[in-house]
Structure formats: C-alpha cells, structure tokens
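Asks: I'd like to ask you about the structure that follows.
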Amino acid sequence: MPEIKFYNRAPVPMEMHKVKIVQKLTLLPVKERLQKMYEAGFNTFLLHNKDIFMDMLTDSGVNAMSDNMQAAMLRADDAYAGSETFYRMQQKLEEIFGISYLLPTHQGRACEHILSQHLVKPGNCVIMNYHFTTSKAHITRLGGHVEELVKDEGLVTKSNLPFKGNIDLDKVRACIAKEGADNIAYMRLEAGTNLIGGQPISYENMKAATEIAKEHGILTVLDASLLQDNLYFIKTREDSMKDKTVAQITRMVADLFDVIYFSARKFGFARGGGILVRDETLFHEMEDYITMFEGFLTYGGMSVKEMEAMIVGFEETMDLDVISQGPQFIAHCVRELDRLGVPMVTPGGGLGAHIDAREVVSHIPAEQYPAGSLVAALYLCGGIRGMERGTLSEERNPDGTEHIASVEMVRLAFPRRVFTLSQTEYVIDRVKWLYDHRHLIGGLRFVHEPKTLRFFTGKLEPVSDWPEKLMEAYIADFGADQ
Ligand code: F0G
C-alpha cells in the first residue's frame, strides 16, 4: 500500500493487519542488563531472548505469521516421502517463479552449502554484487574466492540513490576478462543486499548483469532471501516498473536467472529454504546432496507444517500491502533518526534500519569493533538487541590481521508485522539518547575467538569500565528501574 494520507499531519506508516496473538515482553532494569551483557561476552547473539525487550537482531525466522499461514499448518501432509505438502510447495513456486525443479533445504545456508559444494572448485571465483557471511564462508571453505563488484556508490552510507545494491557492469566485464569465464563458478546476485543495509538492486541492473554472464556462459544465481523487500523497491522506485503487479515483477526477475535460492526464514515468513533449478541435469546432479545433508527430497529437513505455512507466505509476498510493511517502518525509523542527526545508512532499505557505527563512535579504533561496541551499548541502554554488521562479522586475513569491513554498521532488523509504531518510537528515542552520549562508549576485545563465523559464538570484554560509566549516565536520565 502506498502511504495512507492523513488529514492534518504528516503520514505515519500504517499496519495493514491487526494483532491476533501476542507475546509478553519484559524490560529488565539496566543493572540486570549490564550483568546479562557480561554473561553474553558482549555478543548480542549470546543473550537469552527472555532478557530482551526489543529483539531486532534479525528478521530470520521471527516474522509474524498470518491467520491463513497458521491455518494451513493444520493440513500438513506428514510423510517421509511423497508428501502432498511438497507438491503444493513446488506448484506454488513454479506459479510464482516459473521454475519447476525444486530442491528443498532446511534453511538458506544449506542452499549455499549445496550450490558451492557442487559448483566451486579450488581457485574458482564467484562474482557477487556483495557477499553475505554464510555465502562467502562456504565458497572460501572450498578454496574459492569472492569478487564483490557492487558499484562504489553502494558503499557510501549517506546517499539518496534508490538502488545501492546494483553491481558495477564495468567491473563485471573486467573481472571476467581477468579471471577467465571458465574460472568463474557462477554469478550470484543478492536481492535486498543484506550487508550494505538491505539495499535493493534494480530490475534493469539485474537484467544487464545477467546478460553479460550469459554472453560468457556463466551460470546466474539469485539469492532471493530478501526478494520481498527488493520487489517493493522495484515497484515503488523503478519508473518503468511502477504499473506492473508484484507478481509480474517477480516473474520478470526470475526469468533472468538459472538458479534461484532462498531462505524461507525470510522469504515466505516461515522457516526453511529451497533451490529452484532451471536445468534438469544440474537439478539431478544436486539431488544427492539433499538426501545426504538435508533429508528426503520431499521435505529437505523442513517441518511439513512450516512448508504449508510458507506456501501461503509465498502467496502473501505477492501482495503489495504485505511487503510494504517492513520498508515503510524502516523508512520511518531511518528518516526520524536522520532528522535527529544520527548517522544512518540512507535511504532506508529493507530488512532493518542501519546505523553507521564508524561515524557514531569514530573514536573507537576499527580493531576494537566500533559496531560491536555500539550494539552492546544499545542493549544496555534500552534492552534493544541489534546485530553487529562490520569488522567483527568478518574473518581475519590469512596472516591473522583484522580484515576491516568496508561498512561498519549496527543493524536494527524489523521482522515483518511484529513491532508497533510506539515500539519503533521507543527505539528511535533510545538510539538518539545513545548518540548524544556516544563519547561514553568504548571498544571491545576478544577473549574467545572462533576461527569461522566468529560473530556467532565469540566472547568479548570491554577495554575499560565504559559500560559502568554509560549505565550511570543512563540511570541519571531514566532511573534505575528502566
Ligand atoms: N542469504 C541472505 C541474503 C541472508 O540474509 C541470509 C540470512 C542467508 C542467505 C542465509 O539464510 O539464515 O536461512 O541460513 N540472513 C540472516 C540475517 C541470518 O540475520 O540476516 P539462513
């Protein structure tokens, strides 16, 4: 839905749904939050959900389901092999994407595991507009490397460009010339480019990039995990597409790719994943991996109840009212914080609002994880759990030095249809308070550092007693009970 007009005030984002089931939340007093932060090693992934007021870690697997999704779960056809539910899922995806071969997986990274396991050989290159943590980890594990060819302008945090996820076509051509087409395992374009702030790619750019790939016989892969947001932005920001329906746009995008995979923890608002493969031979080649790593070919590690829910979720994704909710709430949050002077990634994208931590806590050295520090401080000052998306989420260089991330952000995810506008206003208020007290925030250092995907389970400690000082300032303004 385009914004609903108001009579005598500026419009606010409008929920095109009503609440039917709720979950109680608790706001622990700030002293207890400090204790919990120490116990979690200053890593928001290690906090317990019961200790969190606003869980904005991710939109993965925590989107609200609709009444129709829940109702569909009751008709799940429980069978190890040949479940009707699978055939319904296959049919719905074929209707939406026009591809009939479906490999079901338990989640998005399982798709990445299987695709890279089959397609990436040591020394191979995978072209991307930008990497995602798990997609890159699978490729490097197999001795491949990733070339991130997003346009330079996509990495400029403050901007008004509508499609910051666009890949640089000149860089693509140069990369193919340098690597040789035979050494390129595939080109992966990520809709709603996660790590640069949920920024979309235009249809036009996807078309041009996949045309180049096809000229050179390079396989084209779409990561559609965040496609729903990207569809909204194509519909509302790409002039030539504004008269098309969401379903028409989806089909036009799908037609550009040989392979489409998705995390159904995001796409479809449930939990699971799948790989759609246009070519029959490639499909059969990858079947074995499903039975080996995921489950039988008609459930792929998913619960069939979740599969039934996601079938409805896929259908709902074709409804502009449904896919508008996330981007419109995010736009409101980004606009307000930007107005209040907080450095944000602009324009607001999908997935969440992104704070430019490099700007906010510019006094914290890159090796002390500015975004990691800021996200820990935000839990302390509001019970809000965000996610670090910066250097801490990178892996070290082979020589052991830090790989400094090109963008250093705190992500405040907006799971779809979950938070209300008043909760959003609370978040805006606490982020602004923290921004005004940013000089009190200090750095972090690792005390336990896993080698792979260290941000998930690593433990850190503050480099000084900055959390205690920050807490004192918070209590002075809000009292000890909040
Ligand atoms: N691709 C993209 C673009 C993603 O955002 C994710 C997950 C995956 C693949 C992997 O999917 O989690 O189902 O295995 N993103 C989550 C996030 C984890 O919080 O952004 P998965």
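For the structure tokens, the naming scheme is as follows: chains receive sequential letters (A, B, ...) according to their order of presentation, residues are indexed from 1 within each chain, and ligands are indexed from 1 in presentation order.
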Give me, as an MDAnalysis selection string, the set of residues whose atoms come within 7 Å of any atom of ligand 1, counting only C-alpha atoms and all ligand atoms.

Replies: chainID A and resid 57:60 107:110 132 134:135 190 193:194 223 225:226 262:265 272:273

Asks: Tell me, as a ChimeraX atom specification, which residues lie within 9 Å of region 450-457 of chain A, counting only C-alpha atoms; anything in the same chain fewer than 3 positions away does not count.

Replies: /A:43-46,133-134,137,388,392-396

Asks: I need the residue nearest Val447 (chain A) from this list: A:Ala40, A:Leu380, A:Val322, A:Val259. Use only C-alpha atoms for the distance.

Replies: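 Residue with the minimum atom-to-atom distance to Val447 (chain A): A:Ala40.
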
Asks: Applying 12 Å and only C-alpha atoms, which residues near Lys469 (chain A) remain after dropping the ones on its own chain fewer than 6 positions away? List them as a list in words.

Replies: Lys31, Leu34, Ala377, Leu380, Cys381, His437, Arg438, His439, Leu440, Ile441, Gly442, Pro462, Ile475 and Ala476 of chain A

Asks: Could you write those residues out with N, CA and C atoms, as a JSON list (two decimals), in the first residue's frame?

Replies:
[["chain", "number", "residue", "atom", "x", "y", "z"],
["A", 31, "LYS", "N", 20.67, -2.35, 35.44],
["A", 31, "LYS", "CA", 21.77, -3.07, 36.11],
["A", 31, "LYS", "C", 21.77, -4.55, 35.74],
["A", 34, "LEU", "N", 23.17, -5.02, 32.32],
["A", 34, "LEU", "CA", 24.64, -4.98, 32.29],
["A", 34, "LEU", "C", 25.20, -6.35, 32.65],
["A", 377, "ALA", "N", 26.21, -1.48, 23.61],
["A", 377, "ALA", "CA", 25.75, -0.31, 24.36],
["A", 377, "ALA", "C", 24.23, -0.13, 24.20],
["A", 380, "LEU", "N", 22.35, -2.32, 26.50],
["A", 380, "LEU", "CA", 22.44, -1.77, 27.85],
["A", 380, "LEU", "C", 21.45, -0.61, 28.00],
["A", 381, "CYS", "N", 21.38, 0.24, 27.01],
["A", 381, "CYS", "CA", 20.59, 1.47, 27.11],
["A", 381, "CYS", "C", 19.23, 1.31, 26.46],
["A", 437, "HIS", "N", 25.24, 10.42, 23.89],
["A", 437, "HIS", "CA", 26.21, 10.00, 24.93],
["A", 437, "HIS", "C", 27.29, 9.11, 24.34],
["A", 438, "ARG", "N", 27.50, 9.22, 23.02],
["A", 438, "ARG", "CA", 28.39, 8.30, 22.32],
["A", 438, "ARG", "C", 29.82, 8.33, 22.83],
["A", 439, "HIS", "N", 30.25, 9.52, 23.36],
["A", 439, "HIS", "CA", 31.63, 9.62, 23.85],
["A", 439, "HIS", "C", 31.88, 8.67, 25.02],
["A", 440, "LEU", "N", 30.81, 8.19, 25.67],
["A", 440, "LEU", "CA", 30.98, 7.27, 26.81],
["A", 440, "LEU", "C", 31.23, 5.82, 26.37],
["A", 441, "ILE", "N", 30.99, 5.54, 25.08],
["A", 441, "ILE", "CA", 31.12, 4.15, 24.61],
["A", 441, "ILE", "C", 32.58, 3.86, 24.27],
["A", 442, "GLY", "N", 33.07, 2.72, 24.72],
["A", 442, "GLY", "CA", 34.46, 2.33, 24.43],
["A", 442, "GLY", "C", 34.51, 1.04, 23.60],
["A", 462, "PRO", "N", 34.93, -5.53, 27.53],
["A", 462, "PRO", "CA", 35.19, -4.12, 27.26],
["A", 462, "PRO", "C", 36.65, -3.79, 27.57],
["A", 475, "ILE", "N", 21.08, 5.87, 34.09],
["A", 475, "ILE", "CA", 20.26, 5.92, 35.32],
["A", 475, "ILE", "C", 19.94, 7.37, 35.68],
["A", 476, "ALA", "N", 20.91, 8.26, 35.46],
["A", 476, "ALA", "CA", 20.67, 9.67, 35.77],
["A", 476, "ALA", "C", 19.51, 10.23, 34.95]]

Asks: Pick out the residues sitting within 8 Å of region 158-166 of chain A, and hand them over as a ChimeraX atom specification; count only C-alpha atoms, and ignore anything fewer than 6 positions along from it in its own chain.

Replies: /A:129-130,150-151,191-193,196,199-202,205-206,233,237,343-347

Asks: Report as CSV: every residue of region 215-307 of chain A with an atom at most 12 Å from region 68-91 of chain A, its closest pair of atoms, and their distance in Å to one decimal, counting only C-alpha atoms, with rows sorted by chain and ascending residue number.

Replies:
residue,atom,partner,partner_atom,distance
A:Ala264,CA,A:Met89,CA,11.8
A:Gly268,CA,A:Met69,CA,9.7
A:Phe269,CA,A:Met69,CA,9.0
A:Ala270,CA,A:Met69,CA,8.8
A:Gly272,CA,A:Met89,CA,11.7
A:Gly273,CA,A:Met89,CA,11.1
A:Gly274,CA,A:Gln90,CA,9.8
A:Ile275,CA,A:Gln90,CA,10.7
A:Leu276,CA,A:Gln90,CA,9.2
A:Val277,CA,A:Gln90,CA,11.6
A:Thr291,CA,A:Ala81,CA,11.3
A:Gly295,CA,A:Tyr80,CA,8.8
A:Phe296,CA,A:Ala81,CA,6.6
A:Leu297,CA,A:Ala81,CA,7.4
A:Thr298,CA,A:Phe86,CA,5.4
A:Tyr299,CA,A:Phe86,CA,6.5
A:Gly300,CA,A:Phe86,CA,9.6
A:Gly301,CA,A:Tyr80,CA,10.3
A:Met302,CA,A:Phe86,CA,10.2
A:Ser303,CA,A:Asp78,CA,8.7
A:Val304,CA,A:Ala76,CA,5.7
A:Lys305,CA,A:Met73,CA,4.5
A:Glu306,CA,A:Met73,CA,6.7
A:Met307,CA,A:Thr85,CA,6.9

Asks: Pull C-alpha atoms from the residues just selected and write them as a short mmCIF file (atom, residue, chain, number, x, y, z; two decimals), in the first residue's frame.

Replies:
data_model
loop_
_atom_site.label_atom_id
_atom_site.label_comp_id
_atom_site.auth_asym_id
_atom_site.auth_seq_id
_atom_site.Cartn_x
_atom_site.Cartn_y
_atom_site.Cartn_z
CA ALA A 264 12.30 -19.21 3.83
CA GLY A 268 7.80 -16.83 2.90
CA PHE A 269 7.78 -15.74 6.59
CA ALA A 270 8.34 -19.26 7.95
CA GLY A 272 13.12 -23.44 5.69
CA GLY A 273 14.66 -22.93 2.30
CA GLY A 274 14.89 -24.14 -1.25
CA ILE A 275 16.81 -24.10 -4.51
CA LEU A 276 14.98 -23.71 -7.79
CA VAL A 277 16.95 -25.03 -10.75
CA THR A 291 19.38 -36.74 0.58
CA GLY A 295 16.56 -35.03 4.25
CA PHE A 296 14.44 -36.82 1.71
CA LEU A 297 13.65 -34.92 -1.48
CA THR A 298 10.12 -34.08 -0.43
CA TYR A 299 10.96 -32.26 2.82
CA GLY A 300 14.70 -31.43 2.80
CA GLY A 301 14.98 -31.08 6.57
CA MET A 302 11.94 -28.85 6.92
CA SER A 303 8.87 -29.49 9.03
CA VAL A 304 5.97 -30.02 6.63
CA LYS A 305 3.89 -27.69 8.82
CA GLU A 306 6.35 -24.91 8.10
CA MET A 307 6.22 -25.82 4.42
#

Asks: Restricting the calculation to only C-alpha atoms: of A:Glu461, A:Asn183, A:His284, A:Ala10, which residue gets closest to Glu449 (chain A)?

Replies: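 Closest candidate: A:Glu461.
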
Asks: Rank nothing, just name the residue among A:Asp319, A:Asp465, A:Glu294, A:Asp477 nearest to Leu103 (chain A), using only C-alpha atoms.

Replies: A:Glu294

Asks: In Å, with one decimal, what is the gap from CA of Asp258 (chain A) to CA of Gln228 (chain A)?

Replies: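 So the answer is 19.2 Å.
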
Asks: Taking only residues of region 308-413 of chain A that have an atom at most 9 Å from an atom of region 422-428 of chain A, what is each one's shortest atom pair and its distance in Å to one decimal, using only C-alpha atoms, in chain and number order, as JSON lines?

Replies:
{"residue": "A:Phe329", "atom": "CA", "partner": "A:Thr424", "partner_atom": "CA", "distance": 7.9}
{"residue": "A:His332", "atom": "CA", "partner": "A:Thr424", "partner_atom": "CA", "distance": 8.7}
{"residue": "A:Cys333", "atom": "CA", "partner": "A:Ile428", "partner_atom": "CA", "distance": 6.5}
{"residue": "A:Val334", "atom": "CA", "partner": "A:Ile428", "partner_atom": "CA", "distance": 8.7}
{"residue": "A:Glu336", "atom": "CA", "partner": "A:Ile428", "partner_atom": "CA", "distance": 7.3}
{"residue": "A:Leu337", "atom": "CA", "partner": "A:Ile428", "partner_atom": "CA", "distance": 6.3}
{"residue": "A:Gly382", "atom": "CA", "partner": "A:Val427", "partner_atom": "CA", "distance": 7.7}
{"residue": "A:Ile384", "atom": "CA", "partner": "A:Val427", "partner_atom": "CA", "distance": 7.4}

Asks: Would you list, as JSON, numbers by chain, the residues of region 22-146 of chain A that end up in strand (DSSP E or B) under DSSP run on this structure's backbone?

Replies: {"A": [54, 55, 101, 102, 103, 104, 105, 125, 126, 127, 128, 145, 146]}

Asks: Figure out the distance between CA of Lys171 (chain A) and CA of Thr140 (chain A), please, to one decimal in Å.

Replies: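 Computing it gives 20.9 Å between the two atoms.
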
Asks: Which value, in Å to one decimal, gives the distance between CA of Lys36 (chain A) and CA of Glu359 (chain A)?

Replies: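 Going from CA of Lys36 (chain A) over to CA of Glu359 (chain A) covers 27.0 Å.
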
Asks: Could you pull out all residues of region 259-430 of chain A with a DSSP call of helix (DSSP H, G or I) and give them as an mmCIF file with C-alpha atoms, in the first residue's frame?

Replies:
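As written to disk, selection27.cif reads:
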data_model
loop_
_atom_site.group_PDB
_atom_site.id
_atom_site.type_symbol
_atom_site.label_atom_id
_atom_site.label_comp_id
_atom_site.auth_asym_id
_atom_site.auth_seq_id
_atom_site.Cartn_x
_atom_site.Cartn_y
_atom_site.Cartn_z
ATOM 1 C CA GLU A 280 17.188 -30.644 -15.418
ATOM 2 C CA THR A 281 20.736 -32.056 -15.481
ATOM 3 C CA LEU A 282 22.020 -29.620 -12.872
ATOM 4 C CA PHE A 283 18.963 -30.379 -10.739
ATOM 5 C CA HIS A 284 19.616 -34.116 -10.789
ATOM 6 C CA GLU A 285 23.312 -33.590 -10.078
ATOM 7 C CA MET A 286 22.457 -31.767 -6.869
ATOM 8 C CA GLU A 287 19.722 -34.145 -5.653
ATOM 9 C CA ASP A 288 22.225 -36.390 -3.898
ATOM 10 C CA TYR A 289 23.336 -33.577 -1.631
ATOM 11 C CA ILE A 290 19.764 -33.131 -0.412
ATOM 12 C CA THR A 291 19.376 -36.744 0.577
ATOM 13 C CA MET A 292 22.853 -36.745 2.155
ATOM 14 C CA PHE A 293 22.767 -33.469 4.075
ATOM 15 C CA GLU A 294 19.161 -32.285 4.351
ATOM 16 C CA VAL A 304 5.971 -30.019 6.630
ATOM 17 C CA LYS A 305 3.889 -27.688 8.816
ATOM 18 C CA GLU A 306 6.349 -24.915 8.099
ATOM 19 C CA MET A 307 6.216 -25.824 4.416
ATOM 20 C CA GLU A 308 2.443 -25.379 4.395
ATOM 21 C CA ALA A 309 2.824 -22.025 6.131
ATOM 22 C CA MET A 310 5.427 -20.818 3.662
ATOM 23 C CA ILE A 311 3.279 -21.765 0.673
ATOM 24 C CA VAL A 312 0.755 -19.224 1.956
ATOM 25 C CA GLY A 313 3.645 -16.884 2.800
ATOM 26 C CA PHE A 314 4.894 -17.000 -0.797
ATOM 27 C CA GLU A 315 1.418 -16.086 -1.987
ATOM 28 C CA GLU A 316 1.188 -13.233 0.551
ATOM 29 C CA THR A 317 4.539 -11.931 -0.679
ATOM 30 C CA LEU A 320 1.923 -5.121 -2.001
ATOM 31 C CA ASP A 321 0.208 -4.419 1.356
ATOM 32 C CA VAL A 322 2.188 -7.239 2.934
ATOM 33 C CA ILE A 323 5.610 -6.400 1.536
ATOM 34 C CA SER A 324 5.200 -2.665 2.200
ATOM 35 C CA GLN A 325 5.125 -3.037 5.957
ATOM 36 C CA GLY A 326 8.840 -3.656 6.536
ATOM 37 C CA PRO A 327 10.235 -0.988 4.200
ATOM 38 C CA GLN A 328 7.726 1.637 5.406
ATOM 39 C CA PHE A 329 8.501 1.108 9.111
ATOM 40 C CA ILE A 330 12.218 1.096 8.317
ATOM 41 C CA ALA A 331 11.877 4.287 6.268
ATOM 42 C CA HIS A 332 10.110 5.967 9.213
ATOM 43 C CA CYS A 333 12.812 4.903 11.680
ATOM 44 C CA VAL A 334 15.657 5.948 9.349
ATOM 45 C CA ARG A 335 14.033 9.281 8.478
ATOM 46 C CA GLU A 336 13.433 10.191 12.133
ATOM 47 C CA LEU A 337 16.925 9.247 13.289
ATOM 48 C CA ASP A 338 18.466 11.049 10.329
ATOM 49 C CA ARG A 339 16.427 14.144 11.233
ATOM 50 C CA ALA A 357 28.763 2.954 13.553
ATOM 51 C CA ARG A 358 32.017 4.158 12.011
ATOM 52 C CA GLU A 359 30.577 7.676 12.175
ATOM 53 C CA VAL A 360 28.814 7.402 15.517
ATOM 54 C CA ALA A 366 38.482 -0.362 13.862
ATOM 55 C CA GLU A 367 40.317 -3.205 15.667
ATOM 56 C CA GLN A 368 38.165 -2.605 18.751
ATOM 57 C CA PRO A 370 33.015 0.101 16.718
ATOM 58 C CA ALA A 371 29.753 -1.562 15.619
ATOM 59 C CA GLY A 372 30.208 -4.393 18.128
ATOM 60 C CA SER A 373 30.642 -1.828 20.892
ATOM 61 C CA LEU A 374 27.669 0.250 19.775
ATOM 62 C CA VAL A 375 25.342 -2.727 19.555
ATOM 63 C CA ALA A 376 26.347 -3.847 23.072
ATOM 64 C CA ALA A 377 25.745 -0.308 24.357
ATOM 65 C CA LEU A 378 22.287 -0.260 22.787
ATOM 66 C CA TYR A 379 21.237 -3.382 24.653
ATOM 67 C CA LEU A 380 22.442 -1.772 27.846
ATOM 68 C CA THR A 391 34.592 -5.943 11.156
ATOM 69 C CA LEU A 392 33.520 -8.353 13.892
ATOM 70 C CA SER A 393 31.396 -10.196 11.298
ATOM 71 C CA LEU A 421 4.814 2.195 15.844
ATOM 72 C CA SER A 422 5.111 3.016 19.565
ATOM 73 C CA GLN A 423 7.826 0.392 19.950
ATOM 74 C CA THR A 424 9.547 1.893 16.929
ATOM 75 C CA GLU A 425 9.344 5.334 18.576
ATOM 76 C CA TYR A 426 10.943 3.910 21.735
ATOM 77 C CA VAL A 427 13.835 2.562 19.679
ATOM 78 C CA ILE A 428 14.285 5.935 17.966
ATOM 79 C CA ASP A 429 14.347 7.618 21.389
ATOM 80 C CA ARG A 430 16.978 5.288 22.897
#

Asks: Rank nothing, just name the residue among A:Leu219, A:Leu434, A:Met409, A:Val418 nearest to Val22 (chain A), using only C-alpha atoms.

Replies: A:Val418

Asks: Using only C-alpha atoms, which of the listed residues (A:Tyr474, A:Leu142, A:Glu3, A:Gly41) sits closest to Leu444 (chain A)?

Replies: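 For Leu444 (chain A), the nearest of the given residues is A:Gly41.
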
Asks: Pick out the closest residue to Tyr186 (chain A) from this set: A:Tyr232, A:Phe257, A:Tyr435, A:Tyr203. Count only C-alpha atoms.

Replies: A:Phe257
